[in-house]
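J.: Supplied structure: start.cif, mmCIF, N, CA and C atoms.
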```
data_work
loop_
_atom_site.label_atom_id
_atom_site.label_comp_id
_atom_site.auth_asym_id
_atom_site.auth_seq_id
_atom_site.Cartn_x
_atom_site.Cartn_y
_atom_site.Cartn_z
N MET F 30 4.91 11.80 -28.01
CA MET F 30 4.73 10.77 -27.01
C MET F 30 4.06 11.40 -25.78
N THR F 31 3.02 10.75 -25.29
CA THR F 31 2.32 11.27 -24.12
C THR F 31 3.09 10.93 -22.85
N GLN F 32 2.71 11.60 -21.72
CA GLN F 32 3.37 11.33 -20.45
C GLN F 32 3.15 9.88 -20.03
N LYS F 33 1.95 9.34 -20.28
CA LYS F 33 1.68 7.94 -19.92
C LYS F 33 2.59 7.01 -20.71
N GLN F 34 2.83 7.31 -22.00
CA GLN F 34 3.71 6.48 -22.80
C GLN F 34 5.15 6.57 -22.30
N LYS F 35 5.57 7.72 -21.80
CA LYS F 35 6.91 7.88 -21.25
C LYS F 35 7.06 7.07 -19.97
N ASN F 36 6.01 7.01 -19.16
CA ASN F 36 6.07 6.35 -17.86
C ASN F 36 5.88 4.84 -17.94
N SER F 37 5.27 4.34 -19.00
CA SER F 37 5.01 2.91 -19.08
C SER F 37 5.07 2.45 -20.52
N GLN F 38 5.25 1.15 -20.66
CA GLN F 38 5.23 0.53 -21.97
C GLN F 38 4.20 -0.57 -21.93
N SER F 39 3.35 -0.61 -22.94
CA SER F 39 2.42 -1.72 -23.03
C SER F 39 2.54 -2.32 -24.42
N SER F 40 2.16 -3.56 -24.52
CA SER F 40 2.27 -4.25 -25.80
C SER F 40 0.89 -4.64 -26.29
N PRO F 41 0.81 -5.07 -27.53
CA PRO F 41 -0.49 -5.50 -28.07
C PRO F 41 -1.11 -6.64 -27.26
N SER F 42 -0.29 -7.44 -26.57
CA SER F 42 -0.85 -8.55 -25.78
C SER F 42 -1.31 -8.10 -24.40
N GLY F 43 -1.09 -6.82 -24.04
CA GLY F 43 -1.68 -6.28 -22.84
C GLY F 43 -0.78 -6.07 -21.65
N GLU F 44 0.44 -6.61 -21.66
CA GLU F 44 1.27 -6.40 -20.48
C GLU F 44 1.73 -4.94 -20.40
N VAL F 45 2.04 -4.51 -19.18
CA VAL F 45 2.47 -3.13 -18.93
C VAL F 45 3.76 -3.19 -18.13
N VAL F 46 4.72 -2.37 -18.54
CA VAL F 46 5.97 -2.22 -17.80
C VAL F 46 6.17 -0.73 -17.60
N LYS F 47 6.40 -0.31 -16.36
CA LYS F 47 6.65 1.10 -16.10
C LYS F 47 7.58 1.26 -14.92
N LYS F 48 8.13 2.41 -14.78
CA LYS F 48 9.04 2.72 -13.68
C LYS F 48 8.24 3.24 -12.48
N ALA F 49 8.36 2.56 -11.35
CA ALA F 49 7.62 2.94 -10.15
C ALA F 49 7.95 4.37 -9.74
N LYS F 50 9.20 4.80 -9.94
CA LYS F 50 9.59 6.15 -9.52
C LYS F 50 8.85 7.24 -10.30
N ASN F 51 8.27 6.88 -11.44
CA ASN F 51 7.53 7.85 -12.25
C ASN F 51 6.04 7.91 -11.92
N VAL F 52 5.57 7.02 -11.02
CA VAL F 52 4.16 7.01 -10.65
C VAL F 52 3.95 8.04 -9.54
N ALA F 53 2.97 8.90 -9.73
CA ALA F 53 2.70 9.98 -8.77
C ALA F 53 2.38 9.44 -7.38
N LYS F 54 2.92 10.13 -6.37
CA LYS F 54 2.61 9.80 -4.98
C LYS F 54 1.42 10.65 -4.54
N GLN F 55 0.52 10.01 -3.79
CA GLN F 55 -0.65 10.71 -3.27
C GLN F 55 -0.64 10.61 -1.75
N LYS F 56 -1.01 11.69 -1.09
CA LYS F 56 -1.09 11.69 0.36
C LYS F 56 -2.24 10.79 0.80
N VAL F 57 -2.00 10.00 1.84
CA VAL F 57 -3.05 9.16 2.41
C VAL F 57 -3.70 9.98 3.52
N GLU F 58 -4.91 10.45 3.28
CA GLU F 58 -5.59 11.37 4.20
C GLU F 58 -5.82 10.76 5.58
N ALA F 59 -6.07 9.47 5.65
CA ALA F 59 -6.34 8.82 6.93
C ALA F 59 -5.07 8.62 7.75
N GLY F 60 -3.91 8.72 7.10
CA GLY F 60 -2.65 8.46 7.77
C GLY F 60 -1.90 9.71 8.16
N SER F 61 -0.74 9.47 8.75
CA SER F 61 0.16 10.54 9.16
C SER F 61 1.48 10.34 8.42
N LEU F 62 1.92 11.35 7.69
CA LEU F 62 3.19 11.29 6.94
C LEU F 62 3.27 10.03 6.08
N THR F 63 2.17 9.75 5.40
CA THR F 63 2.04 8.53 4.59
C THR F 63 1.59 8.88 3.18
N GLN F 64 2.27 8.25 2.21
CA GLN F 64 1.92 8.43 0.80
C GLN F 64 1.72 7.07 0.15
N VAL F 65 0.95 7.05 -0.93
CA VAL F 65 0.72 5.83 -1.69
C VAL F 65 0.92 6.11 -3.18
N GLN F 66 1.44 5.11 -3.86
CA GLN F 66 1.51 5.12 -5.32
C GLN F 66 0.72 3.91 -5.81
N VAL F 67 -0.21 4.13 -6.71
CA VAL F 67 -0.94 3.01 -7.32
C VAL F 67 -0.12 2.60 -8.54
N LEU F 68 0.64 1.52 -8.38
CA LEU F 68 1.56 1.09 -9.43
C LEU F 68 0.84 0.41 -10.59
N LEU F 69 -0.14 -0.43 -10.27
CA LEU F 69 -0.94 -1.11 -11.30
C LEU F 69 -2.36 -1.27 -10.79
N ASP F 70 -3.32 -1.06 -11.67
CA ASP F 70 -4.72 -1.32 -11.34
C ASP F 70 -5.50 -1.51 -12.63
N GLU F 71 -6.82 -1.42 -12.54
CA GLU F 71 -7.65 -1.68 -13.72
C GLU F 71 -7.34 -0.72 -14.88
N LYS F 72 -6.84 0.47 -14.59
CA LYS F 72 -6.49 1.41 -15.67
C LYS F 72 -5.34 0.88 -16.52
N ASP F 73 -4.56 -0.04 -15.94
CA ASP F 73 -3.44 -0.65 -16.65
C ASP F 73 -3.83 -2.00 -17.25
N GLY F 74 -5.08 -2.39 -17.07
CA GLY F 74 -5.54 -3.67 -17.58
C GLY F 74 -5.51 -4.78 -16.53
N ALA F 75 -5.08 -4.46 -15.31
CA ALA F 75 -5.07 -5.45 -14.22
C ALA F 75 -6.48 -5.53 -13.66
N LEU F 76 -7.24 -6.49 -14.13
CA LEU F 76 -8.67 -6.54 -13.82
C LEU F 76 -8.98 -7.06 -12.42
N ASN F 77 -8.10 -7.86 -11.83
CA ASN F 77 -8.42 -8.51 -10.57
C ASN F 77 -7.81 -7.87 -9.33
N PHE F 78 -6.61 -7.31 -9.46
CA PHE F 78 -5.89 -6.79 -8.31
C PHE F 78 -5.24 -5.45 -8.61
N ALA F 79 -5.00 -4.69 -7.53
CA ALA F 79 -4.23 -3.45 -7.62
C ALA F 79 -2.94 -3.65 -6.83
N LEU F 80 -1.85 -3.11 -7.35
CA LEU F 80 -0.56 -3.15 -6.68
C LEU F 80 -0.21 -1.72 -6.28
N ARG F 81 -0.03 -1.53 -4.96
CA ARG F 81 0.24 -0.19 -4.44
C ARG F 81 1.53 -0.22 -3.63
N GLN F 82 2.22 0.92 -3.60
CA GLN F 82 3.40 1.05 -2.76
C GLN F 82 3.15 2.17 -1.76
N PHE F 83 3.28 1.85 -0.48
CA PHE F 83 3.12 2.82 0.59
C PHE F 83 4.48 3.24 1.11
N THR F 84 4.62 4.52 1.42
CA THR F 84 5.83 5.07 2.03
C THR F 84 5.40 5.87 3.24
N MET F 85 5.97 5.51 4.39
CA MET F 85 5.68 6.21 5.65
C MET F 85 6.97 6.79 6.18
N GLU F 86 6.96 8.08 6.49
CA GLU F 86 8.15 8.77 6.98
C GLU F 86 8.24 8.69 8.50
N GLU F 87 9.35 9.16 9.04
CA GLU F 87 9.58 9.18 10.49
C GLU F 87 8.38 9.82 11.20
N GLY F 88 7.84 9.14 12.20
CA GLY F 88 6.68 9.64 12.91
C GLY F 88 5.36 9.33 12.22
N GLY F 89 5.41 8.65 11.09
CA GLY F 89 4.20 8.37 10.32
C GLY F 89 3.54 7.07 10.68
N GLY F 90 2.39 6.85 10.07
CA GLY F 90 1.66 5.61 10.28
C GLY F 90 0.21 5.73 9.88
N MET F 91 -0.52 4.72 10.21
CA MET F 91 -1.97 4.66 9.96
C MET F 91 -2.65 4.24 11.24
N PRO F 92 -3.77 4.91 11.61
CA PRO F 92 -4.48 4.52 12.83
C PRO F 92 -5.17 3.17 12.66
N LEU F 93 -5.64 2.63 13.77
CA LEU F 93 -6.37 1.37 13.74
C LEU F 93 -7.60 1.53 12.86
N HIS F 94 -7.73 0.64 11.88
CA HIS F 94 -8.83 0.72 10.92
C HIS F 94 -9.14 -0.65 10.36
N THR F 95 -10.26 -0.72 9.65
CA THR F 95 -10.62 -1.93 8.91
C THR F 95 -10.84 -1.56 7.45
N ASN F 96 -10.72 -2.57 6.61
CA ASN F 96 -11.03 -2.45 5.19
C ASN F 96 -11.95 -3.60 4.81
N THR F 97 -12.73 -3.40 3.78
CA THR F 97 -13.63 -4.46 3.34
C THR F 97 -12.94 -5.42 2.36
N VAL F 98 -11.65 -5.18 2.08
CA VAL F 98 -10.88 -6.08 1.22
C VAL F 98 -9.65 -6.58 1.97
N GLU F 99 -9.20 -7.77 1.60
CA GLU F 99 -7.96 -8.32 2.17
C GLU F 99 -6.75 -7.56 1.65
N HIS F 100 -5.61 -7.68 2.37
CA HIS F 100 -4.34 -7.07 1.96
C HIS F 100 -3.25 -8.14 1.98
N GLU F 101 -2.44 -8.17 0.95
CA GLU F 101 -1.21 -8.96 0.93
C GLU F 101 -0.08 -7.95 0.81
N GLN F 102 0.89 -8.02 1.72
CA GLN F 102 1.92 -6.98 1.78
C GLN F 102 3.32 -7.58 1.84
N TYR F 103 4.28 -6.85 1.24
CA TYR F 103 5.69 -7.22 1.25
C TYR F 103 6.49 -5.98 1.64
N VAL F 104 7.24 -6.09 2.72
CA VAL F 104 8.01 -4.94 3.21
C VAL F 104 9.29 -4.78 2.39
N LEU F 105 9.48 -3.57 1.84
CA LEU F 105 10.64 -3.26 1.01
C LEU F 105 11.82 -2.73 1.81
N ARG F 106 11.54 -1.80 2.74
CA ARG F 106 12.62 -1.24 3.56
C ARG F 106 12.06 -0.55 4.79
N GLY F 107 12.98 -0.30 5.72
CA GLY F 107 12.58 0.30 6.99
C GLY F 107 12.03 -0.77 7.93
N LYS F 108 11.49 -0.29 9.05
CA LYS F 108 10.88 -1.19 10.03
C LYS F 108 9.58 -0.57 10.50
N GLY F 109 8.61 -1.42 10.82
CA GLY F 109 7.34 -0.92 11.28
C GLY F 109 6.73 -1.83 12.32
N ARG F 110 5.85 -1.25 13.12
CA ARG F 110 5.04 -2.01 14.07
C ARG F 110 3.64 -2.08 13.45
N VAL F 111 3.20 -3.28 13.19
CA VAL F 111 1.90 -3.48 12.56
C VAL F 111 1.03 -4.29 13.52
N VAL F 112 -0.10 -3.72 13.88
CA VAL F 112 -1.07 -4.43 14.70
C VAL F 112 -2.08 -5.06 13.75
N VAL F 113 -2.27 -6.37 13.88
CA VAL F 113 -3.26 -7.10 13.08
C VAL F 113 -4.13 -7.86 14.07
N GLY F 114 -5.40 -7.44 14.14
CA GLY F 114 -6.27 -8.01 15.15
C GLY F 114 -5.76 -7.57 16.52
N LYS F 115 -5.42 -8.53 17.37
CA LYS F 115 -4.90 -8.20 18.71
C LYS F 115 -3.41 -8.50 18.83
N THR F 116 -2.77 -8.82 17.69
CA THR F 116 -1.36 -9.20 17.72
C THR F 116 -0.50 -8.07 17.15
N VAL F 117 0.61 -7.78 17.86
CA VAL F 117 1.56 -6.76 17.44
C VAL F 117 2.74 -7.45 16.77
N HIS F 118 3.08 -7.00 15.57
CA HIS F 118 4.21 -7.56 14.81
C HIS F 118 5.21 -6.45 14.52
N GLU F 119 6.49 -6.72 14.70
CA GLU F 119 7.53 -5.80 14.23
C GLU F 119 8.05 -6.40 12.94
N VAL F 120 7.94 -5.63 11.84
CA VAL F 120 8.28 -6.15 10.52
C VAL F 120 9.39 -5.31 9.90
N LYS F 121 10.12 -5.94 8.99
CA LYS F 121 11.23 -5.27 8.31
C LYS F 121 11.32 -5.81 6.88
N ALA F 122 12.26 -5.27 6.11
CA ALA F 122 12.45 -5.67 4.72
C ALA F 122 12.50 -7.19 4.59
N GLY F 123 11.74 -7.71 3.64
CA GLY F 123 11.70 -9.13 3.38
C GLY F 123 10.55 -9.85 4.06
N ASP F 124 9.86 -9.18 5.00
CA ASP F 124 8.72 -9.80 5.67
C ASP F 124 7.46 -9.64 4.82
N VAL F 125 6.54 -10.60 4.96
CA VAL F 125 5.25 -10.54 4.27
C VAL F 125 4.13 -10.61 5.28
N LEU F 126 3.01 -9.99 4.94
CA LEU F 126 1.84 -9.96 5.81
C LEU F 126 0.60 -10.29 5.00
N TYR F 127 -0.33 -10.98 5.63
CA TYR F 127 -1.67 -11.17 5.07
C TYR F 127 -2.64 -10.62 6.10
N ILE F 128 -3.46 -9.66 5.69
CA ILE F 128 -4.46 -9.07 6.57
C ILE F 128 -5.83 -9.37 5.98
N PRO F 129 -6.60 -10.25 6.64
CA PRO F 129 -7.93 -10.60 6.11
C PRO F 129 -8.87 -9.40 6.09
N ALA F 130 -9.80 -9.41 5.18
CA ALA F 130 -10.82 -8.36 5.10
C ALA F 130 -11.53 -8.25 6.44
N GLY F 131 -11.78 -7.01 6.87
CA GLY F 131 -12.52 -6.76 8.10
C GLY F 131 -11.69 -6.83 9.37
N THR F 132 -10.41 -7.18 9.27
CA THR F 132 -9.56 -7.30 10.45
C THR F 132 -8.97 -5.94 10.82
N PRO F 133 -9.14 -5.50 12.06
CA PRO F 133 -8.54 -4.23 12.47
C PRO F 133 -7.01 -4.29 12.35
N HIS F 134 -6.41 -3.22 11.84
CA HIS F 134 -4.96 -3.16 11.72
C HIS F 134 -4.48 -1.72 11.73
N SER F 135 -3.21 -1.54 12.13
CA SER F 135 -2.61 -0.21 12.18
C SER F 135 -1.12 -0.33 11.88
N TYR F 136 -0.50 0.82 11.59
CA TYR F 136 0.92 0.87 11.25
C TYR F 136 1.59 1.99 12.02
N GLU F 137 2.81 1.72 12.49
CA GLU F 137 3.63 2.74 13.15
C GLU F 137 5.06 2.57 12.65
N VAL F 138 5.69 3.67 12.24
CA VAL F 138 7.06 3.61 11.73
C VAL F 138 8.03 3.47 12.89
N LEU F 139 8.92 2.48 12.76
CA LEU F 139 10.00 2.31 13.73
C LEU F 139 11.34 2.77 13.14
N GLN F 140 11.50 2.56 11.83
CA GLN F 140 12.68 3.02 11.12
C GLN F 140 12.23 3.50 9.74
N ALA F 141 12.46 4.78 9.48
CA ALA F 141 11.98 5.38 8.23
C ALA F 141 13.08 5.37 7.17
N PRO F 142 12.66 5.42 5.91
CA PRO F 142 11.27 5.29 5.49
C PRO F 142 10.81 3.84 5.59
N PHE F 143 9.57 3.66 5.99
CA PHE F 143 8.95 2.34 6.03
C PHE F 143 8.16 2.21 4.74
N GLU F 144 8.58 1.29 3.88
CA GLU F 144 7.94 1.13 2.58
C GLU F 144 7.50 -0.32 2.38
N PHE F 145 6.31 -0.47 1.82
CA PHE F 145 5.83 -1.82 1.53
C PHE F 145 4.92 -1.81 0.32
N LEU F 146 4.90 -2.95 -0.36
CA LEU F 146 3.95 -3.18 -1.44
C LEU F 146 2.69 -3.77 -0.83
N CYS F 147 1.56 -3.41 -1.40
CA CYS F 147 0.27 -3.89 -0.91
C CYS F 147 -0.60 -4.26 -2.11
N VAL F 148 -1.02 -5.51 -2.14
CA VAL F 148 -1.89 -6.00 -3.20
C VAL F 148 -3.30 -6.15 -2.62
N VAL F 149 -4.27 -5.59 -3.33
CA VAL F 149 -5.67 -5.68 -2.90
C VAL F 149 -6.54 -6.01 -4.11
N PRO F 150 -7.70 -6.65 -3.88
CA PRO F 150 -8.62 -6.90 -4.99
C PRO F 150 -9.14 -5.59 -5.58
N ASN F 151 -9.39 -5.59 -6.86
CA ASN F 151 -9.97 -4.43 -7.55
C ASN F 151 -11.48 -4.42 -7.34
N THR F 152 -11.88 -4.17 -6.11
CA THR F 152 -13.30 -4.02 -5.78
C THR F 152 -13.42 -2.78 -4.90
N ILE F 153 -14.63 -2.37 -4.66
CA ILE F 153 -14.83 -1.21 -3.80
C ILE F 153 -14.37 -1.55 -2.39
N ASP F 154 -13.53 -0.68 -1.84
CA ASP F 154 -13.00 -0.87 -0.49
C ASP F 154 -13.54 0.23 0.40
N GLU F 155 -14.06 -0.17 1.55
CA GLU F 155 -14.54 0.81 2.52
C GLU F 155 -13.61 0.80 3.72
N LEU F 156 -12.95 1.93 3.97
CA LEU F 156 -12.05 2.07 5.10
C LEU F 156 -12.81 2.67 6.25
N LYS F 157 -12.69 2.05 7.44
CA LYS F 157 -13.36 2.57 8.64
C LYS F 157 -12.32 2.76 9.72
N ILE F 158 -12.14 4.01 10.16
CA ILE F 158 -11.20 4.34 11.23
C ILE F 158 -11.82 3.94 12.56
N LEU F 159 -11.06 3.16 13.36
CA LEU F 159 -11.54 2.71 14.66
C LEU F 159 -10.95 3.54 15.80
N ASN F 160 -9.76 4.09 15.56
CA ASN F 160 -9.06 4.89 16.57
C ASN F 160 -8.19 5.88 15.81
N ASN F 161 -8.36 7.15 16.03
CA ASN F 161 -7.69 8.18 15.24
C ASN F 161 -6.22 8.38 15.56
N GLN F 162 -5.65 7.63 16.47
CA GLN F 162 -4.25 7.81 16.84
C GLN F 162 -3.36 6.91 15.99
N CYS F 163 -2.30 7.53 15.44
CA CYS F 163 -1.31 6.74 14.69
C CYS F 163 -0.21 6.29 15.62
#
```
In structure tokens, what does this structure look like?
T.:
Amino acid sequence: MTQKQKNSQSSPSGEVVKKAKNVAKQKVEAGSLTQVQVLLDEKDGALNFALRQFTMEEGGGMPLHTNTVEHEQYVLRGKGRVVVGKTVHEVKAGDVLYIPAGTPHSYEVLQAPFEFLCVVPNTIDELKILNNQC
């Protein structure tokens, strides 16, 4: 059995089930004390969207930036300050966010770990840093 088979199960009809804890975490270079796990994407047969989980530790965050794709997010735990456009939001577990493509946004951890799911279209995304401070 390969490592991929151990981490996920797929069926002949195409669905995939896997344990999120077994998906490798990658450092987010643009952020501070921030990691991402790509839970599902086109490699899993998800042709339209990618599902990612972000984890930000104490003192972590992402500077003000834009993306060329929209974001749909669900906060799993912790608390964060999220700037979307010119509005500051304090979010916690159970909150949802929609960030339109091209809208400046940033993240700051208020209570760690700050974790959220983020769904984005499976298209090329261009991230542009507007302010290097997290």
J.: Taking the file above as input, evaluate the PyMOL selection byres ((chain F and resi 147) around 6.5) and report the hits as number ranges by chain.
T.: F: 79-83, 100-103, 145-146, 148-149
J.: How many Å lie between atom CA of Gly60 of chain F and atom C of Gly74 of chain F, rounded to one decimal?
T.: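 Computing the Euclidean distance for atom CA of Gly60 of chain F and atom C of Gly74 of chain F yields 27.8 Å.
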J.: For Thr132 of chain F, please output as a PDB file with N, CA and C atoms, keeping the file's coordinate frame all residues within 6.5 Å (counting all atoms listed in the file; exclusion window: fewer than 6 positions along the same chain).
T.:
```pdb
ATOM      1  N   HIS F  94      -7.730   0.640  11.880  1.00  0.00           N
ATOM      2  CA  HIS F  94      -8.830   0.720  10.920  1.00  0.00           C
ATOM      3  C   HIS F  94      -9.140  -0.650  10.360  1.00  0.00           C
ATOM      4  N   THR F  95     -10.260  -0.720   9.650  1.00  0.00           N
ATOM      5  CA  THR F  95     -10.620  -1.930   8.910  1.00  0.00           C
ATOM      6  C   THR F  95     -10.840  -1.560   7.450  1.00  0.00           C
ATOM      7  N   ASN F  96     -10.720  -2.570   6.610  1.00  0.00           N
ATOM      8  CA  ASN F  96     -11.030  -2.450   5.190  1.00  0.00           C
ATOM      9  C   ASN F  96     -11.950  -3.600   4.810  1.00  0.00           C
ATOM     10  N   VAL F 113      -2.270  -6.370  13.880  1.00  0.00           N
ATOM     11  CA  VAL F 113      -3.260  -7.100  13.080  1.00  0.00           C
ATOM     12  C   VAL F 113      -4.130  -7.860  14.070  1.00  0.00           C
ATOM     13  N   GLY F 114      -5.400  -7.440  14.140  1.00  0.00           N
ATOM     14  CA  GLY F 114      -6.270  -8.010  15.150  1.00  0.00           C
ATOM     15  C   GLY F 114      -5.760  -7.570  16.520  1.00  0.00           C
TER      16      GLY F 114
END
```
J.: Kindly resolve the PyMOL selection byres ((chain F and resi 66) around 6.5) on the present coordinates and return the residues as a PyMOL selection string.
T.: chain F and resi 52-55+64-65+67-69+80-84
J.: Need the shell around Gly109 of chain F: protein/DNA/RNA residues with any atom at most 6.5 Å away, counting all atoms listed in the file. Skip same-chain ones fewer than 6 positions apart. Format as a PDB file with N, CA and C atoms, in the frame of the given file?
T.:
```
ATOM      1  N   HIS F 118       3.080  -7.000  15.570  1.00  0.00           N
ATOM      2  CA  HIS F 118       4.210  -7.560  14.810  1.00  0.00           C
ATOM      3  C   HIS F 118       5.210  -6.450  14.520  1.00  0.00           C
ATOM      4  N   GLU F 119       6.490  -6.720  14.700  1.00  0.00           N
ATOM      5  CA  GLU F 119       7.530  -5.800  14.230  1.00  0.00           C
ATOM      6  C   GLU F 119       8.050  -6.400  12.940  1.00  0.00           C
ATOM      7  N   VAL F 120       7.940  -5.630  11.840  1.00  0.00           N
ATOM      8  CA  VAL F 120       8.280  -6.150  10.520  1.00  0.00           C
ATOM      9  C   VAL F 120       9.390  -5.310   9.900  1.00  0.00           C
ATOM     10  N   LYS F 121      10.120  -5.940   8.990  1.00  0.00           N
ATOM     11  CA  LYS F 121      11.230  -5.270   8.310  1.00  0.00           C
ATOM     12  C   LYS F 121      11.320  -5.810   6.880  1.00  0.00           C
ATOM     13  N   TYR F 136      -0.500   0.820  11.590  1.00  0.00           N
ATOM     14  CA  TYR F 136       0.920   0.870  11.250  1.00  0.00           C
ATOM     15  C   TYR F 136       1.590   1.990  12.020  1.00  0.00           C
ATOM     16  N   GLU F 137       2.810   1.720  12.490  1.00  0.00           N
ATOM     17  CA  GLU F 137       3.630   2.740  13.150  1.00  0.00           C
ATOM     18  C   GLU F 137       5.060   2.570  12.650  1.00  0.00           C
ATOM     19  N   VAL F 138       5.690   3.670  12.240  1.00  0.00           N
ATOM     20  CA  VAL F 138       7.060   3.610  11.730  1.00  0.00           C
ATOM     21  C   VAL F 138       8.030   3.470  12.890  1.00  0.00           C
ATOM     22  N   LEU F 139       8.920   2.480  12.760  1.00  0.00           N
ATOM     23  CA  LEU F 139      10.000   2.310  13.730  1.00  0.00           C
ATOM     24  C   LEU F 139      11.340   2.770  13.140  1.00  0.00           C
ATOM     25  N   GLN F 140      11.500   2.560  11.830  1.00  0.00           N
ATOM     26  CA  GLN F 140      12.680   3.020  11.120  1.00  0.00           C
ATOM     27  C   GLN F 140      12.230   3.500   9.740  1.00  0.00           C
ATOM     28  N   PHE F 143       9.570   3.660   5.990  1.00  0.00           N
ATOM     29  CA  PHE F 143       8.950   2.340   6.030  1.00  0.00           C
ATOM     30  C   PHE F 143       8.160   2.210   4.740  1.00  0.00           C
TER      31      PHE F 143
END
```
J.: Tell me which of F:Asn151, F:Glu99, F:Tyr127, F:Pro142 sits closest to Ala75 of chain F, counting only C-alpha atoms.
T.: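 The closest residue to Ala75 of chain F is F:Asn151.
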J.: I need the residue nearest Phe78 of chain F from this list: F:Ser135, F:Cys163, F:Pro150, F:Glu44. Use only N, CA and C atoms for the distance.
T.: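 Among F:Ser135, F:Cys163, F:Pro150, F:Glu44, it is F:Pro150 that comes nearest to Phe78 of chain F.
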J.: At what distance in Å, to one decimal, does atom CA of Arg110 of chain F lie from atom CA of Glu86 of chain F?
T.: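 Separation between atom CA of Glu86 of chain F and atom CA of Arg110 of chain F: 13.3 Å.
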J.: Write down as an NGL selection string the residues belonging to chain F that are assigned alpha helix (DSSP H) by DSSP computed on the backbone.
T.: :F and (32-36)
J.: Take the selection from the previous step and output its residues with N, CA and C atoms, as a compact mmCIF listing (two decimals), in the frame of the given file.
T.:
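As a result, part.txt now contains:
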```txt
# COMPACT_ATOMS: atom_id res chain seq x y z
N GLN F 32 2.71 11.60 -21.72
CA GLN F 32 3.37 11.33 -20.45
C GLN F 32 3.15 9.88 -20.03
N LYS F 33 1.95 9.34 -20.28
CA LYS F 33 1.68 7.94 -19.92
C LYS F 33 2.59 7.01 -20.71
N GLN F 34 2.83 7.31 -22.00
CA GLN F 34 3.71 6.48 -22.80
C GLN F 34 5.15 6.57 -22.30
N LYS F 35 5.57 7.72 -21.80
CA LYS F 35 6.91 7.88 -21.25
C LYS F 35 7.06 7.07 -19.97
N ASN F 36 6.01 7.01 -19.16
CA ASN F 36 6.07 6.35 -17.86
C ASN F 36 5.88 4.84 -17.94
```
J.: Counting only C-alpha atoms, which residue out of F:Thr152, F:Gly88, F:Gly123, F:Val112 sits closest to Leu76 of chain F?
T.: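 Selected residue with least distance to Leu76 of chain F: F:Thr152.
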